[in-house]
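The structure appears right after this line, and notes come after that.
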Amino acid sequence: MPDRSTLLRVEHLRKVYESANGDVEAIGDISFTMHAGELVCIVGPSGCGKTTLLKCLAGLLRPTDGLVEMDGSPVTGPSPAMAVVFQEYGRSLYPWLTVRGNVELPLRHKKLTRAEREKLVTDALEAVGLAHAGRSHPWQLSGGMQQRVAIARAIAYQPEVMIMDEPFAAVDAQTRADLEDLVRELHVTRNMSIVFVTHDIDESVYLGERVLVLSKSPTWVQEDLAIDLPSERDQITTRALPRFTELRTHVYDQIQRAKRGETVAAPPGR
Ligand SMILES: Nc1ncnc2c1ncn2[C@@H]1O[C@H](COP(=O)(O)OP(=O)(O)OP(=O)(O)O)[C@@H](O)[C@H]1O
């Protein structure tokens, strides 16, 4: 049985950017919790504050108000319990290091023996199907393979939660499908807890056990939708299920409402 204890708690999170041209209230009031072993997707209209939310979760940005808690402790900065995978894999990998070197780099901050580091790197590269590519350099690999390296680096770090910000937006459709299946596999076989931000509605329904639909900015959680599809998913049969169509139509409709600024449920505390 997966552990369903509370892993991440977000309470009345608010973020206002201050700038010379005036303040921008990106996040209005967001609250939700996530259990260990869950895969939660976050979608919303363009510019609604998805990246801002993710940066607050990862401790890369300080909220204006509210609380992010990981395992019951406030997140006040980047935490070893979290690993972030960004869309721009090209910029997140070091071209002068080999694939193994890139995956190993963050582990140097952990108190591990060389043998332990080697084992974690080998295991992570196997998990993403790149056991054969350890001696290559990132620039010798396709975009999809480079993103696999970035995912391997996150896995090797053994975070309690992997946070992914539109990680497949820059790859072609076939590669994207393969990478989606990799994320499902990591979640199912390794019980990995994953927060996955995407602008792609079908992707959110295909991957998630829950989909949080955000309102337009200043953002709140317009809907927290349970995705009641079978845990075993594949690109052809799952996407052909009538329930898949119902769920993606529902999320699409919610996002259209969000864009129009229609209040579907009362924003908490507003
Ligand atoms: N550093 C900043 N200073 C001022 N305003 C900002 C800053 N970063 C983001 N914003 C504003 O905050 C709001 C939310 O931006 P954010 O990038 O978090 O949204 P997003 O949903 O990730 O966008 P996209 O759909 O384009 O990926 C937008 O109005 C944006 O212009």
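We label chains A, B, ... in the order they appear in the structure tokens, count residues from 1 in each chain, and number ligands from 1 in the order shown.
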(request) With a distance cut-off of 8 Å and only C-alpha atoms, select the neighbouring residues of region 244-248 of chain A, excluding the residue or stretch itself and same-chain residues fewer than 2 positions from it, and output the selection as number ranges by chain. (result) A: 201-202, 205-206, 227, 229, 238-242, 250-252
(request) Please identify every polymer residue within 9 Å of ligand 1, using only C-alpha atoms and all ligand atoms, and present the set as a PyMOL selection string. (result) chain A and resi 15-19+21-27+43-55+165-166+197-199+214+216-219
Please produce a file of the residues just selected, as a short mmCIF file (atom, residue, chain, number, x, y, z; two decimals), in the first residue's frame, where the atoms kept are N, CA and C atoms.
data_model
loop_
_atom_site.label_atom_id
_atom_site.label_comp_id
_atom_site.auth_asym_id
_atom_site.auth_seq_id
_atom_site.Cartn_x
_atom_site.Cartn_y
_atom_site.Cartn_z
N LYS A 15 1.22 35.71 -3.74
CA LYS A 15 2.48 36.28 -4.22
C LYS A 15 2.22 37.54 -5.03
N VAL A 16 2.79 38.62 -4.56
CA VAL A 16 2.71 39.90 -5.27
C VAL A 16 4.12 40.26 -5.72
N TYR A 17 4.29 40.48 -7.05
CA TYR A 17 5.57 40.97 -7.55
C TYR A 17 5.57 42.49 -7.45
N GLU A 18 6.63 43.02 -6.87
CA GLU A 18 6.73 44.48 -6.80
C GLU A 18 7.68 44.95 -7.90
N SER A 19 7.23 45.92 -8.67
CA SER A 19 8.11 46.44 -9.72
C SER A 19 7.90 47.94 -9.85
N ASN A 21 6.85 49.53 -12.27
CA ASN A 21 5.61 49.85 -12.98
C ASN A 21 4.36 49.53 -12.15
N GLY A 22 4.56 49.17 -10.89
CA GLY A 22 3.42 48.84 -10.04
C GLY A 22 3.47 47.38 -9.61
N ASP A 23 2.62 47.05 -8.65
CA ASP A 23 2.61 45.69 -8.13
C ASP A 23 1.77 44.78 -9.03
N VAL A 24 2.21 43.51 -9.14
CA VAL A 24 1.43 42.51 -9.88
C VAL A 24 1.07 41.40 -8.90
N GLU A 25 -0.23 41.22 -8.65
CA GLU A 25 -0.65 40.14 -7.77
C GLU A 25 -0.80 38.88 -8.61
N ALA A 26 0.24 38.04 -8.62
CA ALA A 26 0.23 36.85 -9.47
C ALA A 26 -0.64 35.76 -8.84
N ILE A 27 -0.40 35.48 -7.57
CA ILE A 27 -1.18 34.46 -6.86
C ILE A 27 -2.05 35.14 -5.81
N VAL A 43 -2.90 22.82 -14.03
CA VAL A 43 -3.15 23.50 -15.32
C VAL A 43 -3.87 24.81 -15.04
N GLY A 44 -3.87 25.67 -16.04
CA GLY A 44 -4.58 26.94 -15.89
C GLY A 44 -4.35 27.78 -17.11
N PRO A 45 -5.04 28.89 -17.23
CA PRO A 45 -4.87 29.75 -18.40
C PRO A 45 -3.45 30.29 -18.48
N SER A 46 -3.06 30.67 -19.68
CA SER A 46 -1.73 31.23 -19.88
C SER A 46 -1.51 32.44 -18.96
N GLY A 47 -0.36 32.46 -18.31
CA GLY A 47 -0.02 33.59 -17.45
C GLY A 47 -0.75 33.62 -16.11
N CYS A 48 -1.35 32.48 -15.72
CA CYS A 48 -2.17 32.50 -14.50
C CYS A 48 -1.33 32.38 -13.23
N GLY A 49 -0.04 32.04 -13.38
CA GLY A 49 0.80 31.98 -12.18
C GLY A 49 1.31 30.58 -11.87
N LYS A 50 1.32 29.69 -12.87
CA LYS A 50 1.76 28.31 -12.62
C LYS A 50 3.24 28.27 -12.21
N THR A 51 4.05 29.00 -12.96
CA THR A 51 5.49 28.99 -12.65
C THR A 51 5.76 29.67 -11.31
N THR A 52 5.01 30.73 -11.03
CA THR A 52 5.17 31.42 -9.74
C THR A 52 4.85 30.46 -8.60
N LEU A 53 3.77 29.70 -8.74
CA LEU A 53 3.38 28.73 -7.71
C LEU A 53 4.48 27.70 -7.52
N LEU A 54 4.95 27.18 -8.64
CA LEU A 54 5.98 26.14 -8.57
C LEU A 54 7.26 26.65 -7.90
N LYS A 55 7.63 27.88 -8.22
CA LYS A 55 8.85 28.43 -7.60
C LYS A 55 8.65 28.62 -6.09
N ASP A 165 8.17 21.59 -14.39
CA ASP A 165 7.54 22.79 -14.95
C ASP A 165 7.48 22.69 -16.47
N GLU A 166 6.33 22.32 -17.00
CA GLU A 166 6.13 22.16 -18.45
C GLU A 166 7.34 21.47 -19.08
N VAL A 197 3.47 20.62 -13.72
CA VAL A 197 2.80 21.80 -14.27
C VAL A 197 2.79 21.71 -15.79
N THR A 198 1.63 21.89 -16.40
CA THR A 198 1.53 21.82 -17.86
C THR A 198 0.45 22.77 -18.35
N HIS A 199 0.57 23.19 -19.63
CA HIS A 199 -0.54 23.95 -20.20
C HIS A 199 -1.40 23.03 -21.07
N LEU A 214 -6.29 26.01 -12.11
CA LEU A 214 -6.12 27.34 -11.51
C LEU A 214 -6.99 28.36 -12.25
N LYS A 216 -7.69 32.38 -13.49
CA LYS A 216 -6.74 33.35 -14.05
C LYS A 216 -6.18 34.20 -12.90
N SER A 217 -5.10 34.91 -13.18
CA SER A 217 -4.41 35.69 -12.16
C SER A 217 -5.27 36.86 -11.68
N PRO A 218 -5.26 37.23 -10.38
CA PRO A 218 -4.58 36.59 -9.25
C PRO A 218 -5.24 35.25 -8.89
N THR A 219 -4.41 34.26 -8.84
CA THR A 219 -4.85 32.87 -8.93
C THR A 219 -5.36 32.26 -7.62
#
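The shortest atom-to-atom distance to Phe168 (chain A), with only C-alpha atoms taken into account, belongs to A:Gln147 out of A:Gln147, A:Ser215, A:Gln140, A:Gln256.
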(request) Enumerate, as an MDAnalysis selection string, the complete set of residues in region 55-229 of chain A that a backbone-based DSSP assignment places in alpha helix (DSSP H). (result) chainID A and resid 55:57 89:92 99:104 114:127 143:156 173:190 201:207
(request) Would you mind writing down, as number ranges by chain, each residue of region 153-183 of chain A that DSSP on the backbone assigns to strand (DSSP E or B)? (result) A: 161-165
Would you write out those residues with N, CA and C atoms, as a PDB file, in the first residue's frame?
ATOM      1  N   VAL A 161       9.860  14.784  -3.407  1.00  0.00           N
ATOM      2  CA  VAL A 161       8.911  15.170  -4.454  1.00  0.00           C
ATOM      3  C   VAL A 161       9.691  15.719  -5.654  1.00  0.00           C
ATOM      4  N   MET A 162       9.240  15.331  -6.839  1.00  0.00           N
ATOM      5  CA  MET A 162       9.837  15.867  -8.067  1.00  0.00           C
ATOM      6  C   MET A 162       8.851  16.886  -8.633  1.00  0.00           C
ATOM      7  N   ILE A 163       9.359  18.090  -8.878  1.00  0.00           N
ATOM      8  CA  ILE A 163       8.518  19.178  -9.364  1.00  0.00           C
ATOM      9  C   ILE A 163       8.895  19.455 -10.814  1.00  0.00           C
ATOM     10  N   MET A 164       7.916  19.381 -11.720  1.00  0.00           N
ATOM     11  CA  MET A 164       8.225  19.487 -13.149  1.00  0.00           C
ATOM     12  C   MET A 164       7.445  20.642 -13.760  1.00  0.00           C
ATOM     13  N   ASP A 165       8.167  21.590 -14.393  1.00  0.00           N
ATOM     14  CA  ASP A 165       7.537  22.789 -14.955  1.00  0.00           C
ATOM     15  C   ASP A 165       7.476  22.692 -16.474  1.00  0.00           C
TER      16      ASP A 165
END
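Distance annotation: of A:Ile151, A:Met70, A:Val10, A:Ile30, the residue with the minimal separation from Gln222 (chain A) is A:Ile30; atom set is only C-alpha atoms.
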(message) When you look at region 97-102 of chain A with a cut-off of 6 Å (counting only C-alpha atoms), what residues show up, excluding the ones that are within fewer than 4 positions of it in the same chain? I need them as a VMD selection string.
(response) chain A and resid 134 to 137
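Proximity to region 35-37 of chain A at 10 Å, evaluated using only C-alpha atoms and with sequence-adjacent residues fewer than 2 positions away removed, yields Pro2, Asp3, Arg4, Ser5, Thr6, Leu7, Leu8, Arg9, Thr33, Leu39, Val40, Asp71, Glu160, Val161, His187, Val188, Arg190, Asn191, Met192, Ser193 and Ile194 of chain A.
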(request) Could you please determine the separation between CA of Gly143 (chain A) and CA of Glu180 (chain A) in Å, to one decimal place? (result) 14.4 Å
(message) Env of Tyr157 (chain A): 12 Å cut, atoms = only C-alpha atoms, seq-sep filter 3 positions within chain, self excluded. Answer as a PyMOL selection string.
(response) chain A and resi 79-85+102-112+116-121+123-124+150-154+160-162
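Using only C-alpha atoms for every distance, the candidate list A:Ser73, A:Ala170, A:Asp65, A:Met34 yields A:Ala170 as the residue closest to Phe86 (chain A).
Taking CA of Arg210 (chain A) and CA of Tyr89 (chain A) as endpoints, the distance between them is 25.6 Å.
The interatomic distance for the pair CA of Val211 (chain A) and CA of Phe196 (chain A) works out to 9.4 Å.
Nearest to Leu67 (chain A) of all the residues A:Ser31, A:Ser142, A:Ser92, A:Ser204 is A:Ser31, counting only C-alpha atoms.
Once Pro63 (chain A) and its same-chain neighbours fewer than 3 positions away are set aside, Leu13, Arg14, Lys15, Cys56 and Gly66 of chain A remain within 7 Å of it when counting only C-alpha atoms.
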(request) Please provide as JSON, numbers by chain all residues within 8 Å of Arg148 (chain A), with the sequence filter that same-chain residues fewer than 5 positions apart are discarded (counting only C-alpha atoms). (result) {"A": [128, 130, 179]}
